[in-house]
>>> print(open('start34.cif').read())   # mmCIF, C-alpha atoms
data_query
#
loop_
_atom_site.label_atom_id
_atom_site.label_comp_id
_atom_site.auth_asym_id
_atom_site.auth_seq_id
_atom_site.Cartn_x
_atom_site.Cartn_y
_atom_site.Cartn_z
CA MET A 95 -6.79 29.76 10.70
CA ASN A 96 -8.62 28.44 13.76
CA LEU A 97 -8.85 24.66 13.91
CA VAL A 98 -12.17 24.97 15.77
CA GLU A 99 -14.57 27.91 15.86
CA PRO A 100 -14.49 29.71 19.25
CA ARG A 101 -18.18 28.94 19.92
CA PHE A 102 -17.48 25.21 19.65
CA ARG A 103 -14.32 25.02 21.79
CA GLY A 104 -16.07 23.97 25.00
CA LEU A 105 -17.92 21.25 23.10
CA PHE A 106 -14.64 20.25 21.46
CA VAL A 107 -13.11 19.62 24.91
CA SER A 108 -16.09 17.47 25.97
CA ILE A 109 -15.97 15.39 22.79
CA PHE A 110 -12.20 15.06 23.16
CA ALA A 111 -12.70 13.54 26.62
CA LEU A 112 -15.34 11.15 25.27
CA PHE A 113 -13.16 10.07 22.37
CA THR A 114 -10.28 9.42 24.78
CA LEU A 115 -12.51 7.10 26.81
CA PHE A 116 -13.77 5.51 23.59
CA GLY A 117 -10.23 4.68 22.53
CA THR A 118 -9.49 3.05 25.87
CA SER A 119 -12.68 0.99 25.79
CA MET A 120 -11.90 -0.29 22.28
CA THR A 121 -8.38 -1.52 23.14
CA ILE A 122 -8.62 -2.71 26.73
CA ILE A 123 -9.62 -6.28 25.83
CA GLY A 124 -6.63 -6.62 23.51
CA ALA A 125 -4.30 -5.33 26.22
CA THR A 126 -5.57 -7.87 28.75
CA LEU A 127 -5.92 -10.74 26.27
CA PRO A 128 -2.77 -12.66 27.32
CA LYS A 129 -3.83 -12.50 31.00
CA MET A 130 -7.39 -13.42 30.08
CA LEU A 131 -6.26 -16.48 28.13
CA ALA A 132 -4.00 -17.60 30.98
CA SER A 133 -6.42 -16.84 33.85
CA PHE A 134 -9.58 -18.20 32.28
CA GLY A 135 -8.05 -21.09 30.32
CA TRP A 136 -9.63 -19.96 27.03
CA ASP A 137 -8.29 -21.00 23.63
CA TYR A 138 -8.00 -18.62 20.66
CA LEU A 139 -11.43 -19.60 19.38
CA ALA A 140 -13.18 -18.73 22.65
CA ALA A 141 -11.37 -15.40 22.75
CA GLY A 142 -12.39 -14.74 19.15
CA ILE A 143 -16.05 -15.35 20.01
CA VAL A 144 -15.94 -12.91 22.93
CA ILE A 145 -14.23 -10.23 20.86
CA GLY A 146 -16.48 -10.93 17.88
CA ALA A 147 -19.65 -10.51 19.94
CA GLY A 148 -18.69 -6.95 20.76
CA ALA A 149 -17.92 -6.28 17.10
CA ALA A 150 -21.24 -7.78 15.95
CA ALA A 151 -23.19 -5.61 18.37
CA TYR A 152 -21.12 -2.63 17.27
CA PHE A 153 -22.02 -2.89 13.59
CA VAL A 154 -25.71 -3.39 14.39
CA SER A 155 -25.58 -0.37 16.68
CA THR A 156 -23.84 1.89 14.16
CA PHE A 157 -26.50 1.26 11.53
CA VAL A 158 -29.34 1.90 13.98
CA ALA A 159 -27.58 4.88 15.54
CA GLY A 160 -27.39 6.67 12.20
CA HIS A 161 -31.19 6.78 12.18
CA LEU A 162 -31.47 7.52 15.90
CA VAL A 163 -29.18 10.53 15.55
CA LYS A 164 -31.35 11.77 12.67
CA SER A 165 -34.56 11.34 14.73
CA TRP A 166 -33.43 12.05 18.31
CA GLY A 167 -30.27 14.07 17.87
CA ALA A 168 -26.68 13.21 18.75
CA LYS A 169 -26.86 13.95 22.48
CA PRO A 170 -29.63 11.49 23.51
CA THR A 171 -28.03 8.81 21.33
CA ILE A 172 -24.64 9.31 22.99
CA LEU A 173 -26.11 9.29 26.52
CA LEU A 174 -27.95 6.03 25.89
CA ALA A 175 -24.82 4.49 24.37
CA LEU A 176 -22.64 5.50 27.33
CA THR A 177 -25.15 3.94 29.73
CA LEU A 178 -24.84 0.61 27.91
CA ILE A 179 -21.03 0.83 28.07
CA VAL A 180 -21.12 1.44 31.83
CA ALA A 181 -23.37 -1.58 32.37
CA GLY A 182 -21.11 -3.84 30.32
CA LEU A 183 -17.79 -2.71 31.78
CA ALA A 184 -19.07 -2.99 35.34
CA PHE A 185 -19.32 -6.79 35.05
CA PHE A 186 -17.02 -7.82 32.18
CA ALA A 187 -14.36 -10.42 33.21
CA ALA A 188 -15.92 -10.80 36.66
CA THR A 189 -16.36 -14.47 35.79
CA ALA A 190 -14.44 -16.89 33.56
CA ASP A 191 -17.65 -18.06 31.85
CA PRO A 192 -17.22 -17.32 28.10
CA THR A 193 -20.98 -17.09 27.57
CA VAL A 194 -21.44 -14.37 30.18
CA ASN A 195 -18.47 -12.42 28.85
CA THR A 196 -19.75 -12.78 25.30
CA LEU A 197 -23.05 -11.16 26.31
CA LEU A 198 -21.29 -8.38 28.20
CA SER A 199 -18.94 -7.78 25.28
CA ALA A 200 -22.02 -7.41 23.06
CA LEU A 201 -23.51 -4.86 25.48
CA ILE A 202 -20.30 -2.83 25.38
CA GLY A 203 -20.29 -3.06 21.59
CA LEU A 204 -23.84 -1.71 21.37
CA GLY A 205 -22.77 1.32 23.36
CA GLN A 206 -19.59 1.84 21.37
CA GLY A 207 -21.49 1.92 18.08
CA GLY A 208 -23.84 4.62 19.36
CA VAL A 209 -20.97 6.71 20.68
CA GLU A 210 -19.10 6.35 17.39
CA VAL A 211 -21.92 7.61 15.18
CA GLY A 212 -23.13 10.27 17.61
CA LEU A 213 -19.69 11.82 18.05
CA ASN A 214 -18.77 11.72 14.36
CA SER A 215 -22.06 13.40 13.45
CA ALA A 216 -21.38 16.12 16.00
CA ILE A 217 -17.83 16.66 14.70
CA LEU A 218 -19.08 17.15 11.15
CA ARG A 219 -21.41 19.90 12.38
CA ILE A 220 -18.57 21.86 14.03
CA ASP A 221 -16.55 21.75 10.78
CA PRO A 222 -18.86 23.47 8.27
CA GLU A 223 -16.01 23.99 5.79
CA ASN A 224 -15.23 20.26 5.74
CA THR A 225 -11.53 20.85 6.36
CA GLY A 226 -11.20 17.52 8.18
CA ARG A 227 -8.92 19.03 10.82
CA PRO A 228 -11.34 18.75 13.79
CA MET A 229 -12.15 15.18 12.72
CA ASN A 230 -8.47 14.21 12.68
CA LEU A 231 -7.71 15.92 15.97
CA LEU A 232 -10.66 14.37 17.79
CA HIS A 233 -9.85 10.95 16.42
CA GLY A 234 -6.39 11.68 17.80
CA ALA A 235 -8.09 11.64 21.20
CA PHE A 236 -9.15 8.07 20.41
CA ALA A 237 -5.46 7.26 19.97
CA VAL A 238 -4.66 8.96 23.30
CA GLY A 239 -7.11 6.64 25.02
CA ALA A 240 -5.78 3.65 23.11
CA ILE A 241 -2.27 4.47 24.35
CA VAL A 242 -3.19 5.22 27.95
CA GLY A 243 -5.38 2.12 28.28
CA PRO A 244 -2.80 -0.56 27.46
CA LEU A 245 -0.10 1.39 29.33
CA ALA A 246 -2.26 1.56 32.45
CA VAL A 247 -3.05 -2.16 32.20
CA SER A 248 0.64 -3.01 31.93
CA LEU A 249 1.59 -0.82 34.90
CA LEU A 250 -1.26 -2.18 37.03
CA MET A 251 -0.33 -5.79 36.25
CA GLN A 252 3.31 -5.08 37.09
CA SER A 253 2.27 -3.57 40.43
CA GLY A 254 0.23 -6.65 41.32
CA VAL A 255 -3.23 -5.11 40.92
CA ASP A 256 -5.88 -7.53 39.62
CA TRP A 257 -6.16 -6.93 35.89
CA THR A 258 -9.96 -7.20 36.02
CA ALA A 259 -10.11 -4.04 38.16
CA VAL A 260 -9.35 -2.04 35.01
CA TYR A 261 -12.84 -2.72 33.69
CA ARG A 262 -14.48 -1.54 36.88
CA GLY A 263 -12.42 1.66 36.90
CA LEU A 264 -13.30 2.36 33.29
CA ALA A 265 -16.99 1.93 34.13
CA VAL A 266 -16.69 4.62 36.80
CA VAL A 267 -14.99 7.04 34.39
CA SER A 268 -17.69 6.36 31.79
CA ALA A 269 -20.39 7.18 34.34
CA LEU A 270 -18.70 10.51 35.09
CA LEU A 271 -18.63 11.34 31.38
CA ILE A 272 -22.36 10.73 31.16
CA ALA A 273 -22.78 13.63 33.57
CA LEU A 274 -20.36 15.78 31.52
CA MET A 275 -22.19 15.10 28.26
CA GLY A 276 -25.51 15.86 29.95
CA PHE A 277 -24.47 19.52 30.16
CA ALA A 278 -22.92 19.73 26.68
CA ALA A 279 -24.71 21.75 23.99
CA LEU A 280 -24.43 19.90 20.69
CA PRO A 281 -25.18 21.61 17.35
CA PRO A 282 -28.06 20.41 15.13
CA THR A 283 -27.26 17.04 13.56
CA GLU A 284 -28.12 18.04 9.99
CA PRO A 285 -28.07 21.43 8.22
CA HIS A 286 -31.25 23.39 8.85
CA GLY A 287 -34.04 22.26 6.57
CA ALA A 288 -32.14 19.28 5.18
CA GLU A 289 -33.93 16.00 4.75
CA GLY A 290 -32.34 12.60 4.37
CA LYS A 291 -32.68 11.12 0.86
CA PRO A 292 -31.79 7.41 0.98
CA ALA A 293 -32.24 6.97 -2.79
CA ARG A 294 -29.54 9.55 -3.47
CA LEU A 295 -27.25 7.94 -0.91
CA GLY A 296 -27.37 4.54 -2.55
CA ALA A 297 -27.00 5.99 -6.03
CA SER A 298 -23.46 7.16 -5.33
CA PRO A 299 -20.57 4.66 -5.44
CA ALA A 300 -18.95 6.69 -2.65
CA TYR A 301 -21.67 5.48 -0.28
CA TRP A 302 -20.80 1.82 -0.84
CA LEU A 303 -17.06 2.39 -1.08
CA SER A 304 -17.03 4.14 2.30
CA PHE A 305 -18.62 0.99 3.77
CA LEU A 306 -15.99 -1.22 2.12
CA ALA A 307 -13.12 1.07 3.10
CA LEU A 308 -14.03 1.03 6.78
CA PHE A 309 -14.88 -2.68 6.64
CA LEU A 310 -11.26 -3.38 5.75
CA TYR A 311 -9.77 -0.64 7.90
CA LEU A 312 -11.48 -1.52 11.19
CA GLY A 313 -10.68 -5.16 10.64
CA VAL A 314 -7.00 -4.31 10.26
CA GLU A 315 -6.80 -1.66 12.99
CA LEU A 316 -8.67 -3.55 15.70
CA GLY A 317 -7.25 -6.86 14.55
CA VAL A 318 -3.69 -5.66 15.06
CA SER A 319 -4.73 -3.94 18.29
CA ASN A 320 -6.39 -7.05 19.74
CA TRP A 321 -3.74 -9.57 18.72
CA VAL A 322 -0.36 -7.83 18.63
CA ALA A 323 0.28 -8.36 22.35
CA GLU A 324 -0.29 -12.11 22.00
CA TYR A 325 1.74 -12.11 18.77
CA PHE A 326 4.82 -10.70 20.53
CA VAL A 327 4.31 -13.03 23.49
CA ALA A 328 4.06 -16.13 21.28
CA VAL A 329 6.62 -15.22 18.60
CA PHE A 330 9.24 -13.10 20.39
CA ALA A 331 8.80 -14.61 23.90
CA PHE A 332 7.74 -11.33 25.49
CA SER A 333 6.09 -11.43 28.91
CA ALA A 334 2.36 -10.71 29.12
CA ASP A 335 3.09 -7.40 30.87
CA ALA A 336 5.55 -6.32 28.16
CA GLY A 337 3.15 -7.43 25.43
CA ALA A 338 0.44 -5.16 26.79
CA MET A 339 2.90 -2.26 26.85
CA LEU A 340 3.76 -2.81 23.16
CA LEU A 341 0.20 -2.08 22.13
CA SER A 342 0.79 1.55 23.08
CA LEU A 343 3.45 1.81 20.34
CA PHE A 344 0.86 1.09 17.66
CA TRP A 345 -1.49 3.75 19.03
CA LEU A 346 1.38 6.20 19.50
CA GLY A 347 1.88 5.99 15.72
CA VAL A 348 -1.85 6.59 15.20
CA LEU A 349 -1.69 9.58 17.54
CA ALA A 350 1.34 11.06 15.76
CA GLY A 351 -0.45 10.94 12.42
CA ARG A 352 -3.80 12.25 13.61
CA PHE A 353 -2.25 15.27 15.30
CA GLY A 354 0.64 15.72 12.88
CA VAL A 355 -1.16 15.63 9.53
CA PRO A 356 -3.78 18.36 10.24
CA LEU A 357 -1.24 20.57 12.02
CA LEU A 358 1.73 20.16 9.65
CA CYS A 359 0.09 19.41 6.30
CA LYS A 360 -2.71 21.97 6.08
CA GLY A 361 -2.50 22.24 2.31
CA ALA A 362 -2.45 18.52 1.59
CA GLN A 363 -5.37 16.80 -0.11
CA PRO A 364 -7.07 14.09 1.97
CA ASP A 365 -6.78 11.49 -0.78
CA ALA A 366 -2.98 11.82 -0.90
CA ALA A 367 -2.65 11.18 2.84
CA LEU A 368 -5.30 8.45 2.70
CA ILE A 369 -3.52 6.45 -0.01
CA GLY A 370 0.08 7.04 1.05
CA LEU A 371 -0.40 6.16 4.69
CA ALA A 372 -2.57 3.13 3.89
CA ALA A 373 0.32 1.81 1.81
CA LEU A 374 2.65 2.39 4.77
CA THR A 375 0.41 0.22 6.95
CA THR A 376 0.51 -2.58 4.39
CA ALA A 377 4.29 -2.56 4.18
CA SER A 378 4.76 -2.35 7.96
CA ILE A 379 2.48 -5.30 8.75
CA ALA A 380 4.08 -7.41 6.02
CA LEU A 381 7.57 -6.71 7.37
CA LEU A 382 6.45 -7.31 10.96
CA MET A 383 5.16 -10.73 9.99
CA GLY A 384 8.35 -11.45 8.08
CA LEU A 385 10.47 -10.63 11.14
CA SER A 386 9.03 -13.65 12.91
CA TYR A 387 11.16 -15.82 10.62
CA ALA A 388 14.32 -13.70 10.87
CA PRO A 389 17.40 -14.99 12.75
CA GLY A 390 18.23 -13.20 15.99
CA ALA A 391 15.02 -12.92 17.99
CA ALA A 392 16.26 -9.97 20.07
CA LEU A 393 17.13 -7.84 17.03
CA ALA A 394 13.89 -8.81 15.31
CA ALA A 395 11.89 -7.78 18.39
CA ILE A 396 13.58 -4.36 18.41
CA ALA A 397 12.84 -3.83 14.72
CA GLY A 398 9.30 -5.05 15.36
CA ARG A 399 8.71 -2.19 17.76
CA GLY A 400 9.55 0.33 15.05
CA LEU A 401 7.35 -1.41 12.50
CA LEU A 402 4.49 -1.46 15.00
CA PHE A 403 4.77 2.34 15.33
CA LEU A 404 4.84 2.75 11.54
CA ALA A 405 1.78 0.53 11.15
CA GLY A 406 -0.07 2.83 13.53
CA LEU A 407 1.16 5.93 11.69
CA GLY A 408 -0.13 4.43 8.45
CA CYS A 409 -3.56 3.85 10.00
CA SER A 410 -3.80 7.34 11.47
CA VAL A 411 -5.81 9.38 8.98
CA TYR A 412 -7.76 6.60 7.25
CA TYR A 413 -10.91 6.58 9.38
CA PRO A 414 -11.29 10.35 9.96
CA THR A 415 -10.55 11.12 6.30
CA VAL A 416 -13.19 8.66 5.08
CA MET A 417 -15.70 10.21 7.51
CA THR A 418 -14.86 13.72 6.35
CA LEU A 419 -15.33 12.76 2.71
CA VAL A 420 -18.65 11.10 3.55
CA GLY A 421 -19.85 14.25 5.32
CA LYS A 422 -18.79 16.39 2.37
CA ARG A 423 -20.39 14.14 -0.23
CA PHE A 424 -23.73 13.69 1.59
CA PRO A 425 -24.47 16.98 3.40
CA GLU A 426 -28.23 16.38 3.26
CA ALA A 427 -28.07 13.09 5.20
CA GLN A 428 -24.80 13.06 7.09
CA SER A 429 -25.90 10.95 10.05
CA GLN A 430 -27.24 8.12 7.86
CA ALA A 431 -24.16 8.17 5.62
CA VAL A 432 -21.82 8.23 8.63
CA GLY A 433 -23.80 5.43 10.25
CA PHE A 434 -23.63 3.27 7.12
CA ALA A 435 -19.88 3.80 6.72
CA ALA A 436 -19.33 3.02 10.40
CA THR A 437 -21.43 -0.12 9.98
CA GLY A 438 -18.91 -1.29 7.40
CA GLY A 439 -16.22 -0.86 10.02
CA GLY A 440 -18.28 -2.78 12.52
CA VAL A 441 -18.83 -5.67 10.13
CA GLY A 442 -15.08 -5.84 9.53
CA ALA A 443 -14.36 -5.74 13.24
CA PHE A 444 -16.86 -8.59 13.67
CA ILE A 445 -15.57 -10.86 10.91
CA PHE A 446 -11.83 -10.39 11.30
CA PRO A 447 -11.50 -11.79 14.86
CA PHE A 448 -13.14 -15.04 13.71
CA VAL A 449 -10.86 -15.25 10.68
CA MET A 450 -7.84 -14.53 12.85
CA SER A 451 -8.76 -16.95 15.64
CA TRP A 452 -9.63 -19.74 13.17
CA ILE A 453 -6.36 -19.37 11.26
CA ALA A 454 -4.31 -18.99 14.46
CA GLN A 455 -5.96 -22.07 15.95
CA ALA A 456 -5.32 -24.15 12.83
CA TRP A 457 -1.94 -22.90 11.56
CA GLY A 458 -0.51 -20.75 14.34
CA ILE A 459 -0.53 -17.08 15.18
CA ARG A 460 2.08 -16.24 12.50
CA ALA A 461 -0.30 -17.30 9.76
CA GLY A 462 -3.19 -15.53 11.46
CA PHE A 463 -1.27 -12.27 11.70
CA ALA A 464 -0.23 -12.52 8.04
CA THR A 465 -3.89 -12.18 7.03
CA TYR A 466 -3.85 -8.60 8.28
CA GLY A 467 -1.11 -7.78 5.78
CA LEU A 468 -3.31 -9.05 2.94
CA PHE A 469 -6.34 -7.09 4.12
CA ALA A 470 -4.20 -3.96 4.57
CA ALA A 471 -3.22 -4.24 0.91
CA ALA A 472 -6.91 -4.48 -0.04
CA MET A 473 -7.61 -1.47 2.19
CA THR A 474 -5.09 0.55 0.18
CA VAL A 475 -6.66 -0.43 -3.14
CA VAL A 476 -10.11 0.65 -1.92
CA ALA A 477 -8.65 3.96 -0.71
CA VAL A 478 -7.44 4.68 -4.24
CA TRP A 479 -10.86 3.78 -5.65
CA LEU A 480 -12.78 5.87 -3.11
CA ALA A 481 -10.55 8.90 -3.66
CA ALA A 482 -11.09 8.70 -7.42
CA VAL A 483 -14.88 8.55 -7.02
CA VAL A 484 -15.06 11.41 -4.52
CA ASN A 485 -12.80 13.61 -6.64
CA ARG A 486 -15.09 12.97 -9.59
CA GLU A 487 -18.34 13.64 -7.73
CA THR A 488 -17.25 16.58 -5.58
CA LYS A 489 -14.11 18.53 -4.93
CA ALA A 490 -12.23 16.91 -2.02
CA PRO A 491 -11.58 19.22 0.97
CA ALA A 492 -8.05 20.07 2.10
CA LEU A 493 -6.81 18.71 5.42
#
>>> encode(input="start34.cif", output="structure tokens")
Amino acid sequence: MNLVEPRFRGLFVSIFALFTLFGTSMTIIGATLPKMLASFGWDYLAAGIVIGAGAAAYFVSTFVAGHLVKSWGAKPTILLALTLIVAGLAFFAATADPTVNTLLSALIGLGQGGVEVGLNSAILRIDPENTGRPMNLLHGAFAVGAIVGPLAVSLLMQSGVDWTAVYRGLAVVSALLIALMGFAALPPTEPHGAEGKPARLGASPAYWLSFLALFLYLGVELGVSNWVAEYFVAVFAFSADAGAMLLSLFWLGVLAGRFGVPLLCKGAQPDAALIGLAALTTASIALLMGLSYAPGAALAAIAGRGLLFLAGLGCSVYYPTVMTLVGKRFPEAQSQAVGFAATGGGVGAFIFPFVMSWIAQAWGIRAGFATYGLFAAAMTVVAVWLAAVVNRETKAPAL
């Protein structure tokens, strides 16, 4: 069975490139966070505000983008979003002023939200059978970017290159991808003749549960991504360069799951993978936090690397599986349903940095990181609930 229809393979390559860039743009601040704190003299609260501004703009953008994609189509929405990302990356971290960087982070977040909804809507249209395989594979590209980004930052910092140059380089790559997307032929956003029916959307518990599921998931995924480098620096005495490199381990686990599950588990039901891997994330984060109190810092740091990979593996299929189930459940208004679910993720990504920075500032980074274990447990409970509702309302597609 073909993973992607032949007529969509060229488009698949273009979206893969965009998702790779998207993954890099979403993790680059976390990879440079230790250097940023040291160079600019920020405390955890200031860093939380800068990160949170991008997340706030992201969730506003995802909600609006769901309606823009419905009205304009995916392609114009994506092009506008990429333009905002280029503008933000071109100037981010050029100054130590937290206010300026907060505004630029918000600009980047606005673009990221539009890219997120536009690309997910397009992916649903190239998977008419709702298998979920293209969604998982293309979200695997996000993990590729999330691995390459922190790795490149670490290598550049080790070679003596100014860490802020990464943002300028990423802006150039984003501008090139605007040109690539300009020539891409995207399929219609909704099935022919379909009309969005907001009343029907809100009447289904799956609509609200998808919001809650991604609210918790994005908070956990991006929270770990943004803070794990500083966690290893502060707890296990890693250097800033080594801390940035560790972030790639988390995203390597995400990549392994997003490519491995659709390729190796074609007969598996999405809800089984969703629940089982969410539970793995919960256990991995809890054990990683517990290692900070274990005797033998060197051995604990080695074990921590493995747990970081497993946490990423546990996160791998959560987001794409929720999106696939949303597209299956609401075929008449996919872009609005996708946008609303993504907004839940954006709200989580906005709130969690403030929770983390406040707790870390008051009680230390160990306590702050422990909150992600609690939210991961809640994420697993919601996954069980969402799977039960979707299975009741419509037959869940196979991966």
>>> atom_distance(input="start34.cif", atom1="atom CA of Phe106 of chain A", atom2="atom CA of Ile172 of chain A")
14.9 Å
>>> residues_near_point(input="start34.cif", point="(0.9, -2.1, 9.0)", cutoff="9 Å", atoms="all atoms listed in the file", output="ChimeraX atom specification")
/A:314-315,318,372-382,401-409,466-467,470
>>> resolve_selection(input="start34.cif", expression="the PyMOL selection byres ((chain A and resi 264) around 10)", output="list of chain:residue names")
A:Leu115, A:Thr118, A:Ser119, A:Ile122, A:Ile179, A:Val180, A:Leu183, A:Ala184, A:Gly243, A:Ala259, A:Val260, A:Tyr261, A:Arg262, A:Gly263, A:Ala265, A:Val266, A:Val267, A:Ser268, A:Ala269, A:Leu270
>>> closest_residue(input="start34.cif", among="A:Ser248, A:Ser155, A:Ser429, A:Ser410", to="Ala125 of chain A", atoms="all atoms listed in the file")
A:Ser248
>>> resolve_selection(input="start34.cif", expression="the PyMOL selection byres ((chain A and resi 434) around 9)", output="list of chain:residue names")
A:Thr156, A:Phe157, A:Gly160, A:Tyr301, A:Trp302, A:Ser304, A:Phe305, A:Ser429, A:Gln430, A:Ala431, A:Val432, A:Gly433, A:Ala435, A:Ala436, A:Thr437, A:Gly438, A:Gly439
>>> resolve_selection(input="start34.cif", expression="the PyMOL selection byres ((chain A and resi 140) around 10)", output="PyMOL selection string")
chain A and resi 131+135-139+141-146+192-193+196+448+451
>>> atom_distance(input="start34.cif", atom1="atom CA of Val355 of chain A", atom2="atom CA of Ala427 of chain A")
27.4 Å
>>> closest_residue(input="start34.cif", among="A:Ala111, A:Arg423, A:Gly254, A:Phe309", to="Arg486 of chain A", atoms="all atoms listed in the file")
A:Arg423
>>> residues_around(input="start34.cif", residues="Asn195 of chain A", least_positions_apart="2", cutoff="10 Å", atoms="all atoms listed in the file", output="MDAnalysis selection string")
chainID A and resid 141 143:145 147:148 182 185:193 197:201
>>> closest_residue(input="start34.cif", among="A:Ala395, A:Leu368, A:Met251, A:Val327", to="Val476 of chain A", atoms="all atoms listed in the file")
A:Leu368
>>> atom_distance(input="start34.cif", atom1="atom CA of Ala181 of chain A", atom2="atom CA of Gly205 of chain A")
9.5 Å
>>> closest_residue(input="start34.cif", among="A:Val211, A:Val242, A:Ala461, A:Ala350", to="Val449 of chain A", atoms="only C-alpha atoms")
A:Ala461
>>> closest_residue(input="start34.cif", among="A:Ala150, A:Leu127, A:Ala307, A:Ala443", to="Pro414 of chain A", atoms="all atoms listed in the file")
A:Ala307
>>> closest_residue(input="start34.cif", among="A:Leu295, A:Ile109, A:Leu250, A:Ile123", to="His233 of chain A", atoms="only C-alpha atoms")
A:Ile109
>>> residues_around(input="start34.cif", residues="Thr415 of chain A", least_positions_apart="6", cutoff="8 Å", atoms="all atoms listed in the file", output="ChimeraX atom specification")
/A:226,229-230,364,368
>>> residues_near_point(input="start34.cif", point="(0.1, -15.4, 20.2)", cutoff="12 Å", atoms="all atoms listed in the file", output="NGL selection string")
:A and (124 or 127-129 or 131-132 or 137-138 or 141 or 318 or 320-334 or 337 or 386 or 450-451 or 453-455 or 457-463)
>>> axis_aligned_box(input="start34.cif", around="segment 192-196 of chain A", padding_each_side="5 Å", output="JSON")
{"center_x": -19.3, "center_y": -14.9, "center_z": 27.7, "size_x": 14.2, "size_y": 14.9, "size_z": 14.9}
